[in-house]
Amino acid sequence: MKRLDGFPGSRVIVLPNSVIEELEHDPLGEDLHITDIGYYPLAEGHEVHRPQGVGQYVLLYCVNGKGWFDVADVHHKLERNQFVILPQNIPHAYGSSDDEPWTIYWIHFKGDKASFFAQGQPCAAEIPIAQDSHIEERLQLFEEIFSCMSMGYGMDNMHYAIACLYHFLGSLVYSEKWRHVKSGGSAGVDVIERAIHYMRDNLQRKLTLKEIADYIEYSPSHFSSVFKHKTGYPPLDYFTRLKVQKACELLDLHGMRINQISPLLGYDDPLYFSRVFTKVMGMSPSAFKHRGQVQVNPIPER
């Protein structure tokens, strides 16, 4: 069954027309603003057809699984760690793979400066995983935009969301510059730091020990031994704790529910992830959210 939306764990904000009209005449908003924004995890059956196009540019950022998009009858693939910006007012369609449903972040945006970020023919742009890719920081920018817009449609909120949108789009279109600046030009990162960075950039996936070990070019057994000696935890246990740490952040800062958080972190079953969270934190997600001022770290210092 094909559908436009309504996927478990999805989040969507659609601005009212009155707010969009106000932004179109706002000194900052007339240059660039968002009309719709959302996140679809494991979007099985997701498919959109717009024979007349749409009056905004459409950003699709795939972080897991795969799918496709058609622009002016030209077919393209869109896979994990790729994005595309579809042009406005051009016929297009896109959809999730039947075999590996995608997880996507998406934004509809427009304005006098919007075309600057969508120059050239639309094609899938790669954002390969590397020790300096800083994918988590980019996704944090998306969460800032979404959280700010969810607080209401006042111009202060809209202006901050626009400022973050410039940064978010720039981090995609100028990904090499983003990497260099965020890394401070440094190259001397040890293998454990590289492994942890790889874990942080893949929180939405179900990584295996072999995948992590392959990334740093160690055998799984040697990597596991070295990692546990350095951190005090087996690699996959540490990876789980990083996921729980991210869940704590999303519960605290963005007011998200556990059924919205679990697919972000590679868990199809929110109840199972809730049990994982409780085991690591010693309290349920609900208890954590209402804990007052008590701070608990899922990865204690050794």
# chains A, B, ... in the order shown; residues from 1 in each chain; ligands from 1
>>> residues_around(residues="Asn297 of chain A", least_positions_apart="4", cutoff="10 Å", atoms="only C-alpha atoms", output="ChimeraX atom specification")
/A:241,244-245,248,280-281,301
>>> select_by_dssp(residues="segment 88-146 of chain A", states="helix (DSSP H, G or I)", output="list in words")
Ala114, Ser115, Phe116, Phe117, Ala118, Ile135, Glu136, Glu137, Arg138, Leu139, Gln140, Leu141, Phe142, Glu143, Glu144, Ile145 and Phe146 of chain A
>>> residues_around(residues="segment 267-272 of chain A", least_positions_apart="6", cutoff="12 Å", atoms="only C-alpha atoms", output="ChimeraX atom specification")
/A:7-9,41-43,103,203-207,240,243-244,247,257-261,278-279,284-285
